[in-house]
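Next comes protein.csv, a file with CSV, C-alpha atoms.
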chain,number,residue,atom,x,y,z
A,1,MET,CA,7.9,53.1,41.9
A,2,ILE,CA,4.3,51.9,42.1
A,3,LEU,CA,1.7,54.4,43.1
A,4,PRO,CA,-1.5,53.5,44.9
A,5,LYS,CA,-3.4,54.2,41.7
A,6,ASN,CA,-1.4,51.5,40.0
A,7,TYR,CA,-2.2,49.1,42.8
A,8,PHE,CA,-5.8,49.7,42.0
A,9,LEU,CA,-5.3,49.0,38.3
A,10,ILE,CA,-3.4,45.8,39.1
A,11,GLY,CA,-6.1,44.8,41.5
A,12,LEU,CA,-8.7,45.5,38.8
A,13,PHE,CA,-6.7,43.4,36.3
A,14,LEU,CA,-6.5,40.5,38.7
A,15,LEU,CA,-10.2,40.7,39.3
A,16,ILE,CA,-10.9,40.5,35.6
A,17,ALA,CA,-8.4,37.8,35.0
A,18,GLY,CA,-9.9,35.9,38.0
A,19,GLY,CA,-13.4,36.4,36.6
A,20,TRP,CA,-12.3,35.0,33.2
A,21,SER,CA,-10.9,31.8,34.7
A,22,GLY,CA,-14.0,31.5,36.8
A,23,GLY,CA,-16.0,31.4,33.6
A,24,VAL,CA,-13.7,28.8,32.1
A,25,GLU,CA,-14.0,26.5,35.1
A,26,ALA,CA,-17.7,26.1,34.4
A,27,SER,CA,-16.9,24.1,31.3
A,28,PRO,CA,-16.0,20.7,32.8
A,29,ALA,CA,-19.6,20.6,34.0
A,30,LEU,CA,-20.7,21.2,30.4
A,31,VAL,CA,-18.3,18.4,29.2
A,32,LYS,CA,-20.2,16.1,31.6
A,33,GLU,CA,-23.6,17.4,30.8
A,34,LYS,CA,-23.1,17.0,27.0
A,35,GLN,CA,-21.3,13.7,27.6
A,36,CYS,CA,-18.4,14.8,25.4
A,37,ASP,CA,-16.2,12.6,27.6
A,38,THR,CA,-18.0,9.4,26.6
A,39,CYS,CA,-16.2,9.7,23.2
A,40,HIS,CA,-13.3,12.1,23.8
A,41,ARG,CA,-10.4,12.0,26.2
A,42,PHE,CA,-9.8,15.2,28.2
A,43,SER,CA,-6.7,14.0,29.9
A,44,LYS,CA,-3.8,11.8,28.9
A,45,THR,CA,-4.4,9.4,31.8
A,46,GLU,CA,-7.8,8.2,30.7
A,47,SER,CA,-7.8,5.0,28.6
A,48,GLU,CA,-8.1,5.4,24.9
A,49,LYS,CA,-11.5,6.3,23.3
A,50,SER,CA,-12.6,6.1,19.7
A,51,ALA,CA,-12.8,9.8,19.0
A,52,PRO,CA,-10.0,12.4,18.7
A,53,ASP,CA,-8.1,13.3,21.9
A,54,LEU,CA,-8.9,16.7,23.2
A,55,PHE,CA,-6.3,17.1,26.0
A,56,PHE,CA,-4.0,19.1,23.7
A,57,ALA,CA,-6.8,21.0,21.9
A,58,GLY,CA,-5.3,24.3,22.9
A,59,ASP,CA,-2.0,23.3,21.1
A,60,LYS,CA,-3.8,21.9,18.1
A,61,PHE,CA,-6.7,24.0,17.0
A,62,GLN,CA,-7.2,27.6,15.9
A,63,LYS,CA,-9.8,29.2,18.2
A,64,ASP,CA,-12.1,30.5,15.5
A,65,TRP,CA,-12.3,27.2,13.7
A,66,LEU,CA,-13.0,25.4,17.0
A,67,GLY,CA,-15.8,27.7,17.9
A,68,ASN,CA,-17.4,27.2,14.5
A,69,PHE,CA,-17.0,23.4,14.6
A,70,LEU,CA,-18.8,23.1,17.9
A,71,LYS,CA,-21.8,25.1,16.5
A,72,GLN,CA,-21.7,23.6,13.0
A,73,PRO,CA,-19.7,20.3,13.0
A,74,GLU,CA,-18.2,19.0,9.8
A,75,VAL,CA,-16.7,15.7,8.8
A,76,ILE,CA,-12.9,15.6,8.9
A,77,ARG,CA,-12.2,11.9,9.1
A,78,LEU,CA,-14.0,10.5,6.1
A,79,ALA,CA,-13.5,6.9,7.2
A,80,GLY,CA,-14.1,7.5,10.8
A,81,HIS,CA,-11.6,7.7,13.7
A,82,THR,CA,-8.6,5.3,13.6
A,83,ARG,CA,-9.6,3.9,17.0
A,84,ASP,CA,-13.2,3.2,15.9
A,85,PRO,CA,-13.7,-0.6,16.1
A,86,GLY,CA,-15.0,-0.8,12.6
A,87,PHE,CA,-12.3,1.5,11.1
A,88,SER,CA,-10.2,-1.0,9.1
A,89,LYS,CA,-13.2,-2.7,7.7
A,90,GLY,CA,-14.7,0.5,6.4
A,91,THR,CA,-17.7,0.2,8.7
A,92,PRO,CA,-17.2,2.7,11.5
A,93,GLN,CA,-19.6,2.5,14.5
A,94,TYR,CA,-19.7,6.3,14.8
A,95,THR,CA,-21.5,7.8,11.7
A,96,GLY,CA,-22.5,11.1,13.2
A,97,PRO,CA,-24.0,13.6,13.3
A,98,HIS,CA,-21.7,15.2,15.9
A,99,PRO,CA,-23.4,16.9,18.9
A,100,VAL,CA,-24.1,20.6,18.4
A,101,LEU,CA,-23.6,23.4,20.9
A,102,ASN,CA,-25.5,26.7,21.0
A,103,PRO,CA,-23.4,29.8,20.6
A,104,LYS,CA,-23.1,30.4,24.4
A,105,GLU,CA,-22.1,26.8,25.1
A,106,ALA,CA,-19.7,26.8,22.2
A,107,GLN,CA,-17.9,29.9,23.4
A,108,GLN,CA,-17.6,28.4,26.9
A,109,MET,CA,-16.4,25.1,25.5
A,110,THR,CA,-13.9,26.8,23.2
A,111,ASP,CA,-12.4,28.7,26.1
A,112,HIS,CA,-12.1,25.5,28.0
A,113,LEU,CA,-10.6,23.5,25.2
A,114,MET,CA,-8.1,26.2,24.3
A,115,SER,CA,-6.8,26.0,27.8
A,116,LEU,CA,-5.9,22.3,27.4
A,117,LYS,CA,-2.2,22.1,26.4
A,118,ILE,CA,0.7,19.8,26.7
A,119,LEU,CA,3.4,21.6,24.7
A,120,LYS,CA,5.6,23.9,26.6
A,121,ASP,CA,4.8,27.4,25.3
A,122,ALA,CA,7.2,27.5,22.3
A,123,PRO,CA,7.7,30.7,20.4
A,124,PRO,CA,5.4,31.1,17.4
A,125,LEU,CA,6.8,29.5,14.3
A,126,GLU,CA,8.0,32.0,11.7
A,127,LEU,CA,7.1,30.5,8.4
A,128,PRO,CA,7.8,32.6,5.3
A,129,ALA,CA,5.2,32.0,2.5
A,130,LEU,CA,6.3,29.4,0.0
A,131,SER,CA,7.4,30.7,-3.3
A,132,LYS,CA,5.7,29.1,-6.3
A,133,GLY,CA,8.7,27.0,-7.2
A,134,LYS,CA,9.1,25.8,-3.6
A,135,ARG,CA,5.5,25.0,-3.4
A,136,VAL,CA,5.7,22.7,-6.4
A,137,ARG,CA,8.6,20.9,-4.8
A,138,VAL,CA,6.9,20.4,-1.5
A,139,LYS,CA,3.8,19.2,-3.4
A,140,ILE,CA,6.0,16.5,-5.0
A,141,LEU,CA,7.3,15.5,-1.6
A,142,PHE,CA,3.7,15.3,-0.3
A,143,GLU,CA,2.3,13.3,-3.3
A,144,ARG,CA,5.3,11.3,-4.2
A,145,ASP,CA,8.3,10.9,-2.0
A,146,TYR,CA,6.4,10.6,1.3
A,147,SER,CA,3.1,9.2,0.0
A,148,CYS,CA,1.1,11.6,2.3
A,149,ILE,CA,-1.7,11.9,-0.3
A,150,ALA,CA,-2.3,8.1,-0.1
A,151,CYS,CA,-4.0,8.7,3.3
A,152,HIS,CA,-4.9,12.4,3.3
A,153,GLN,CA,-7.1,14.5,1.2
A,154,SER,CA,-5.6,17.7,-0.2
A,155,TYR,CA,-6.2,19.9,-3.2
A,156,ASN,CA,-5.1,19.2,-6.7
A,157,LEU,CA,-4.2,22.0,-9.2
A,158,ALA,CA,-7.9,22.3,-10.1
A,159,ARG,CA,-8.7,22.8,-6.4
A,160,GLN,CA,-10.5,19.5,-6.3
A,161,PRO,CA,-10.1,17.5,-3.1
A,162,ARG,CA,-8.5,14.1,-3.7
A,163,GLY,CA,-6.5,11.6,-1.8
A,164,GLY,CA,-6.9,8.8,0.7
A,165,VAL,CA,-9.3,8.8,3.6
A,166,SER,CA,-7.7,6.9,6.4
A,167,GLY,CA,-6.1,10.0,7.8
A,168,PRO,CA,-7.9,13.3,8.7
A,169,SER,CA,-8.6,15.5,5.6
A,170,LEU,CA,-6.2,18.3,5.3
A,171,ILE,CA,-8.2,20.5,2.9
A,172,ASP,CA,-9.0,23.0,5.6
A,173,ALA,CA,-5.9,22.5,7.7
A,174,GLY,CA,-4.8,26.1,7.3
A,175,ARG,CA,-7.9,27.3,9.2
A,176,ARG,CA,-8.2,24.4,11.5
A,177,LEU,CA,-4.7,23.6,12.8
A,178,ARG,CA,-2.0,25.7,14.5
A,179,PRO,CA,1.3,25.7,12.6
A,180,GLU,CA,3.2,25.0,15.8
A,181,TRP,CA,1.2,21.9,16.4
A,182,VAL,CA,1.5,20.6,12.8
A,183,TYR,CA,5.3,21.1,13.0
A,184,GLN,CA,5.5,19.2,16.3
A,185,TRP,CA,3.2,16.4,14.9
A,186,LEU,CA,5.4,16.0,11.9
A,187,LYS,CA,8.5,16.0,14.0
A,188,ASN,CA,7.1,13.3,16.3
A,189,PRO,CA,3.5,12.3,16.5
A,190,ARG,CA,4.2,10.2,19.6
A,191,GLN,CA,4.2,13.4,21.6
A,192,PHE,CA,0.4,13.2,21.2
A,193,THR,CA,-0.5,9.6,20.6
A,194,THR,CA,1.2,6.4,21.9
A,195,ARG,CA,0.3,4.6,18.7
A,196,GLY,CA,-1.0,5.9,15.4
A,197,ARG,CA,-1.5,4.5,11.9
A,198,MET,CA,0.6,7.1,10.2
A,199,PRO,CA,4.1,6.1,9.4
A,200,LEU,CA,6.9,7.9,11.3
A,201,TYR,CA,9.2,10.1,9.3
A,202,THR,CA,12.6,11.7,10.1
A,203,PHE,CA,12.5,15.1,8.3
A,204,ASP,CA,15.3,17.5,8.5
A,205,GLU,CA,14.5,21.0,9.8
A,206,GLU,CA,14.0,22.6,6.4
A,207,THR,CA,11.6,19.9,5.2
A,208,LEU,CA,9.7,20.1,8.5
A,209,ARG,CA,9.1,23.8,7.9
A,210,LYS,CA,8.3,23.5,4.2
A,211,MET,CA,5.9,20.6,4.9
A,212,THR,CA,4.2,22.5,7.7
A,213,GLN,CA,3.8,25.6,5.5
A,214,TYR,CA,2.4,23.5,2.7
A,215,ILE,CA,-0.2,21.9,4.9
A,216,MET,CA,-1.1,25.3,6.4
A,217,SER,CA,-1.6,26.7,2.8
A,218,HIS,CA,-4.7,24.4,2.5
A,219,LYS,CA,-7.9,26.4,3.1
A,220,LYS,CA,-11.4,25.7,1.9
A,221,ASP,CA,-13.0,28.3,-0.2
A,222,SER,CA,-14.6,30.9,2.1
A,223,LYS,CA,-17.6,29.4,3.6
A,224,SER,CA,-21.0,31.0,4.3
A,225,LYS,CA,-20.3,30.8,8.0
B,226,MET,CA,10.9,15.2,-16.0
B,227,MET,CA,7.4,13.6,-16.0
B,228,ALA,CA,8.6,10.9,-13.8
B,229,ILE,CA,9.5,13.4,-11.2
B,230,LEU,CA,6.1,15.1,-11.4
B,231,ILE,CA,4.1,11.9,-11.2
B,232,GLY,CA,2.9,11.4,-7.6
B,233,CYS,CA,0.4,9.2,-6.0
B,234,GLY,CA,-2.3,11.8,-6.5
B,235,GLN,CA,-1.7,12.3,-10.2
B,236,ASP,CA,-2.4,9.8,-12.9
B,237,PRO,CA,0.7,7.7,-13.3
B,238,ALA,CA,0.3,5.1,-16.0
B,239,GLU,CA,0.8,1.8,-14.2
B,240,LYS,CA,4.4,0.8,-14.8
B,241,LYS,CA,5.4,-2.7,-15.8
B,242,PRO,CA,7.1,-4.4,-12.9
B,243,SER,CA,10.6,-3.2,-13.4
B,244,PRO,CA,13.2,-5.6,-12.0
B,245,SER,CA,14.6,-4.0,-8.9
B,246,PRO,CA,18.4,-4.2,-8.1
B,247,SER,CA,17.7,-6.7,-5.4
B,248,ALA,CA,15.6,-8.9,-7.7
B,249,ALA,CA,18.2,-8.8,-10.4
B,250,ALA,CA,20.9,-10.1,-8.2
B,251,PRO,CA,20.6,-13.9,-7.9
B,252,SER,CA,19.9,-13.9,-4.2
B,253,THR,CA,19.6,-16.8,-1.9
B,254,PRO,CA,16.4,-18.8,-2.4
B,255,SER,CA,14.0,-18.7,0.5
B,256,PRO,CA,14.7,-21.6,2.7
B,257,ALA,CA,11.7,-23.6,4.1
B,258,PRO,CA,11.7,-22.8,7.8
B,259,ARG,CA,11.5,-19.1,8.0
B,260,ALA,CA,13.9,-17.2,10.2
B,261,HIS,CA,11.2,-14.7,11.0
B,262,PRO,CA,8.0,-16.6,11.6
B,263,VAL,CA,4.5,-15.0,11.6
B,264,THR,CA,3.4,-14.3,15.1
B,265,GLN,CA,0.2,-12.8,16.6
B,266,GLU,CA,2.1,-9.5,16.7
B,267,THR,CA,2.8,-9.7,12.9
B,268,ARG,CA,-0.9,-10.2,12.2
B,269,GLU,CA,-1.8,-7.2,14.4
B,270,THR,CA,0.8,-5.1,12.8
B,271,TYR,CA,-0.6,-5.9,9.4
B,272,GLN,CA,-4.2,-5.1,10.6
B,273,PHE,CA,-3.1,-1.8,12.2
B,274,TYR,CA,-1.0,-0.3,9.4
B,275,CYS,CA,-1.3,-2.2,6.2
B,276,ALA,CA,-5.0,-2.9,6.2
B,277,GLN,CA,-5.7,0.8,5.6
B,278,CYS,CA,-4.8,0.1,1.9
B,279,HIS,CA,-4.3,-3.6,1.5
B,280,GLY,CA,-7.5,-4.5,3.3
B,281,THR,CA,-8.1,-6.6,6.4
B,282,ASP,CA,-7.8,-9.8,4.4
B,283,GLY,CA,-4.9,-8.7,2.2
B,284,HIS,CA,-7.0,-8.6,-1.0
B,285,GLY,CA,-6.0,-4.9,-1.7
B,286,LYS,CA,-9.4,-3.4,-0.9
B,287,GLY,CA,-8.6,-1.3,2.1
B,288,ILE,CA,-10.4,2.0,2.9
B,289,ASN,CA,-7.9,4.1,0.9
B,290,ALA,CA,-7.9,1.7,-2.1
B,291,SER,CA,-10.5,3.4,-4.2
B,292,HIS,CA,-8.8,6.8,-3.7
B,293,LEU,CA,-5.4,5.7,-5.0
B,294,THR,CA,-4.2,6.1,-8.6
B,295,VAL,CA,-2.4,2.7,-8.4
B,296,PRO,CA,-4.3,-0.1,-6.6
B,297,PRO,CA,-2.7,-1.6,-3.5
B,298,ARG,CA,-1.1,-5.0,-4.3
B,299,ASP,CA,-3.4,-8.0,-3.7
B,300,HIS,CA,-1.3,-10.0,-1.2
B,301,THR,CA,-3.2,-13.1,-1.8
B,302,LYS,CA,-2.3,-13.4,-5.5
B,303,ALA,CA,0.6,-15.6,-6.2
B,304,ASP,CA,1.1,-14.8,-9.8
B,305,TYR,CA,2.9,-11.5,-9.1
B,306,LEU,CA,4.3,-12.2,-5.7
B,307,GLU,CA,6.1,-15.3,-6.7
B,308,THR,CA,8.0,-13.3,-9.3
B,309,ARG,CA,9.4,-11.1,-6.4
B,310,THR,CA,12.1,-12.1,-4.0
B,311,ASP,CA,11.8,-11.7,-0.2
B,312,GLU,CA,14.4,-9.0,-0.4
B,313,HIS,CA,12.3,-7.1,-2.9
B,314,LEU,CA,9.3,-7.3,-0.6
B,315,PHE,CA,11.4,-6.3,2.4
B,316,THR,CA,12.8,-3.2,0.6
B,317,ALA,CA,9.3,-2.3,-0.7
B,318,ILE,CA,8.0,-2.3,2.9
B,319,GLN,CA,11.0,-0.6,4.5
B,320,GLN,CA,11.6,2.0,1.8
B,321,GLY,CA,8.3,2.3,0.0
B,322,GLY,CA,7.1,1.7,-3.5
B,323,LEU,CA,9.4,4.2,-5.2
B,324,ALA,CA,12.5,2.4,-3.9
B,325,VAL,CA,11.6,-0.7,-5.9
B,326,GLY,CA,10.4,1.0,-9.0
B,327,ARG,CA,6.8,0.8,-7.9
B,328,ALA,CA,4.1,3.5,-7.2
B,329,PRO,CA,4.7,6.1,-4.5
B,330,CYS,CA,1.3,5.3,-3.0
B,331,MET,CA,3.0,2.5,-1.1
B,332,PRO,CA,4.6,4.4,1.9
B,333,SER,CA,7.9,3.5,3.5
B,334,TRP,CA,7.7,1.9,7.0
B,335,GLY,CA,11.4,1.8,7.9
B,336,HIS,CA,11.1,4.5,10.6
B,337,THR,CA,8.0,2.9,12.1
B,338,LEU,CA,8.8,-0.8,12.0
B,339,ASP,CA,12.0,-2.6,12.9
B,340,ASP,CA,13.7,-5.0,10.6
B,341,ASN,CA,12.5,-8.1,12.4
B,342,THR,CA,8.9,-6.9,12.1
B,343,ILE,CA,9.3,-6.2,8.4
B,344,HIS,CA,10.9,-9.7,7.9
B,345,SER,CA,7.9,-11.2,9.6
B,346,LEU,CA,5.5,-9.2,7.5
B,347,VAL,CA,7.2,-10.6,4.4
B,348,SER,CA,6.6,-14.1,5.9
B,349,TYR,CA,3.0,-13.1,6.4
B,350,ILE,CA,2.6,-12.0,2.8
B,351,ARG,CA,4.1,-15.4,1.8
B,352,GLU,CA,1.4,-17.0,4.0
B,353,LEU,CA,-1.3,-14.9,2.4
B,354,CYS,CA,-0.3,-15.7,-1.2
B,355,GLN,CA,0.7,-19.3,-0.3
B,356,CYS,CA,3.6,-18.7,-2.5
B,357,GLU,CA,7.4,-18.4,-2.4
B,358,ALA,CA,9.8,-16.6,-4.8
B,359,LEU,CA,10.3,-18.8,-7.9
Take the structure in the file and give it back as structure tokens.
Amino acid sequence: MILPKNYFLIGLFLLIAGGWSGGVEASPALVKEKQCDTCHRFSKTESEKSAPDLFFAGDKFQKDWLGNFLKQPEVIRLAGHTRDPGFSKGTPQYTGPHPVLNPKEAQQMTDHLMSLKILKDAPPLELPALSKGKRVRVKILFERDYSCIACHQSYNLARQPRGGVSGPSLIDAGRRLRPEWVYQWLKNPRQFTTRGRMPLYTFDEETLRKMTQYIMSHKKDSKSK
Amino acid sequence: MMAILIGCGQDPAEKKPSPSPSAAAPSTPSPAPRAHPVTQETRETYQFYCAQCHGTDGHGKGINASHLTVPPRDHTKADYLETRTDEHLFTAIQQGGLAVGRAPCMPSWGHTLDDNTIHSLVSYIRELCQCEAL
């Protein structure tokens, strides 16, 4: 039984929802205006570019982190992007600094980027916190059995970042990445890239979850942001 | 116990090259014409994956090198590589450093590269060191 009053509420809701998406649509113009698409791909069908792909940004990033990054960019790939022509030689063409957006633009861009998804809406990943003992064991997997640390920065026991630089730094992954995306990446990175320099692994379900949780436990000390 | 705790990020004392099972077995000497020749694809594969650590010229000075606790092997140096069989090199690439008693900083590529590609990478390393197994 829907009363006329409810029709009004539904109408109001649609109006608001419509209003929101109207705001979001303005962003592709901002993408062009700021020339974000000279370096980044916003759709899978474009040919590869030498900056991170953004067509699955909504799957990959945490919204708060993304908003902050656009206003105050930080370096994540210490040796540059893997598709940068100078990457393997250690002389990347892109050396920054990354373009900066003002708060209003950043918010608009964040809303747009968070709407870009390729994963089917999977239920949120339930990850119990790692016990101390389990954490030690996953750390061994990360640093020894699977050589992850040879290419990725993470924290040591003294909370100093250390590790290789050819892969993106993981020291703030717990604020930056969504656990569901990390899980899918570890399961099969080819869902997101046709070719990547990271080795492929075949983890069992339990290891996938433990590894995802371990990566998500990496957070930089609270910043002044 | 320590051996289990030692990872690529810790400070493992560099181990003496321990003879791997495959090296210990008197395996077939490498015949002259290689069954898996070096192709353009082999070189590209090396540049794409291996150069991150072993460097674009194989000297072991890739972008990760200075961040690793054990330096990537210099693939142009014959004195070590001629003491290793092709099987040893194959297993190191396919299953990683740990599988041949070497450092865990050398990842395993068996899920990324097929056997033929790995064989051709062994041939390429032989080309770089201009050496064969003694």
For Leu359 (chain B), please output as a PDB file with C-alpha atoms, in the frame of the given file all residues within 7 Å (counting all atoms listed in the file; exclusion window: fewer than 2 positions along the same chain).
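Okay, around_15.pdb is ready:
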ATOM      1  CA  GLU B 307       6.100 -15.300  -6.700  1.00  0.00           C
ATOM      2  CA  THR B 308       8.000 -13.300  -9.300  1.00  0.00           C
ATOM      3  CA  GLU B 357       7.400 -18.400  -2.400  1.00  0.00           C
TER       4      GLU B 357
END
Chain A residues within 7 Å of chain B, counting all atoms listed in the file: which ones, as an MDAnalysis selection string? chainID A and resid 88:90 140 143:147 149:151 163:166 197 199:201
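CA of Ser169 (chain A) to CA of Ile76 (chain A) spans 5.4 Å [interatomic distance, one decimal].
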What is the CA of Lys187 (chain A) to CA of His152 (chain A) distance in Å?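 Rounded to one decimal, the two atoms are 17.5 Å apart.
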Work out how far CA of Gln191 (chain A) is from CA of Thr45 (chain A), in Å to one decimal.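 Pair CA of Thr45 (chain A) / CA of Gln191 (chain A) returns 13.9 Å.
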Best match for closeness to Thr194 (chain A) among A:Ser47, A:Gln108, A:Gln35, A:Ser115, counting all atoms listed in the file: A:Ser47
Quick one: everything within 12 Å of His218 (chain A), counting all atoms listed in the file, minus sequence neighbours fewer than 3 positions away in the same chain. Send it as number ranges by chain. A: 135, 139, 153-157, 159-161, 169-177, 179, 211-215, 221-222
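Closest approach to Asp111 (chain A) among A:Lys63, A:His98, A:Arg190, A:Arg77 is made by A:Lys63 (distances from all atoms listed in the file).
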Residue among B:Ala260, B:Asp311, B:Pro296, B:His284 lying closest to Val347 (chain B), counting only C-alpha atoms: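 Nearest to Val347 (chain B): B:Asp311.
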May I ask which of the residues A:Ser43, A:Val75, A:Tyr183, A:Lys219 is the closest one to Glu205 (chain A), counting only C-alpha atoms?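 Ranked by minimum distance to Glu205 (chain A), first place goes to A:Tyr183.
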Taking (-23.3, 11.2, 11.2) in the file's coordinates, which residues come within 12 Å, counting all atoms listed in the file, written as a list in words?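 I get Pro73, Glu74, Val75, Ile76, Arg77, Leu78, Ala79, Gly80, Pro92, Gln93, Tyr94, Thr95, Gly96, Pro97, His98, Pro99 and Val100 of chain A for the residues within 12 Å of that point.
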Where atoms are absent from region 137-156 of chain A, fill them in so it carries N, CA, C and O atoms, then output it as a compact mmCIF listing (two decimals), in the coordinates of the input.
# COMPACT_ATOMS: atom_id res chain seq x y z
N ARG A 137 7.74 21.97 -5.34
CA ARG A 137 8.60 20.90 -4.80
C ARG A 137 8.08 20.23 -3.59
O ARG A 137 8.21 19.03 -3.44
N VAL A 138 7.44 21.00 -2.70
CA VAL A 138 6.90 20.40 -1.50
C VAL A 138 5.70 19.48 -1.89
O VAL A 138 5.48 18.41 -1.33
N LYS A 139 4.94 19.93 -2.89
CA LYS A 139 3.80 19.20 -3.40
C LYS A 139 4.29 17.79 -3.86
O LYS A 139 3.65 16.77 -3.60
N ILE A 140 5.43 17.78 -4.53
CA ILE A 140 6.00 16.50 -5.00
C ILE A 140 6.37 15.62 -3.80
O ILE A 140 6.12 14.42 -3.80
N LEU A 141 6.93 16.26 -2.77
CA LEU A 141 7.30 15.50 -1.60
C LEU A 141 5.99 14.89 -0.97
O LEU A 141 5.94 13.72 -0.58
N PHE A 142 4.94 15.70 -0.90
CA PHE A 142 3.70 15.30 -0.30
C PHE A 142 3.00 14.17 -1.09
O PHE A 142 2.42 13.25 -0.53
N GLU A 143 3.06 14.28 -2.41
CA GLU A 143 2.30 13.30 -3.30
C GLU A 143 3.16 12.16 -3.75
O GLU A 143 2.62 11.16 -4.21
N ARG A 144 4.48 12.30 -3.67
CA ARG A 144 5.30 11.30 -4.20
C ARG A 144 6.27 10.68 -3.21
O ARG A 144 6.06 9.58 -2.72
N ASP A 145 7.28 11.44 -2.84
CA ASP A 145 8.30 10.90 -2.00
C ASP A 145 7.82 10.35 -0.65
O ASP A 145 8.32 9.34 -0.17
N TYR A 146 6.85 11.04 -0.04
CA TYR A 146 6.40 10.60 1.30
C TYR A 146 5.00 10.01 1.31
O TYR A 146 4.46 9.74 2.38
N SER A 147 4.38 9.85 0.16
CA SER A 147 3.10 9.20 0.00
C SER A 147 1.96 9.79 0.92
O SER A 147 0.97 9.11 1.21
N CYS A 148 2.11 11.02 1.37
CA CYS A 148 1.10 11.60 2.30
C CYS A 148 -0.29 11.52 1.69
O CYS A 148 -1.27 11.24 2.37
N ILE A 149 -0.37 11.78 0.38
CA ILE A 149 -1.70 11.90 -0.30
C ILE A 149 -2.41 10.53 -0.29
O ILE A 149 -3.62 10.48 -0.44
N ALA A 150 -1.66 9.43 -0.12
CA ALA A 150 -2.30 8.10 -0.10
C ALA A 150 -3.27 7.97 1.06
O ALA A 150 -4.16 7.13 1.04
N CYS A 151 -3.10 8.78 2.10
CA CYS A 151 -4.00 8.70 3.30
C CYS A 151 -4.66 9.98 3.64
O CYS A 151 -5.51 10.00 4.54
N HIS A 152 -4.29 11.07 3.00
CA HIS A 152 -4.90 12.40 3.30
C HIS A 152 -5.41 13.10 2.12
O HIS A 152 -4.73 13.20 1.11
N GLN A 153 -6.60 13.65 2.26
CA GLN A 153 -7.10 14.50 1.20
C GLN A 153 -6.41 15.84 1.17
O GLN A 153 -6.15 16.44 2.21
N SER A 154 -6.11 16.30 -0.04
CA SER A 154 -5.60 17.70 -0.20
C SER A 154 -6.13 18.16 -1.55
O SER A 154 -6.89 17.46 -2.21
N TYR A 155 -5.74 19.37 -1.94
CA TYR A 155 -6.20 19.90 -3.20
C TYR A 155 -5.31 19.60 -4.37
O TYR A 155 -4.10 19.66 -4.22
N ASN A 156 -5.89 19.32 -5.54
CA ASN A 156 -5.10 19.20 -6.70
C ASN A 156 -5.02 20.61 -7.40
O ASN A 156 -5.56 21.58 -6.86
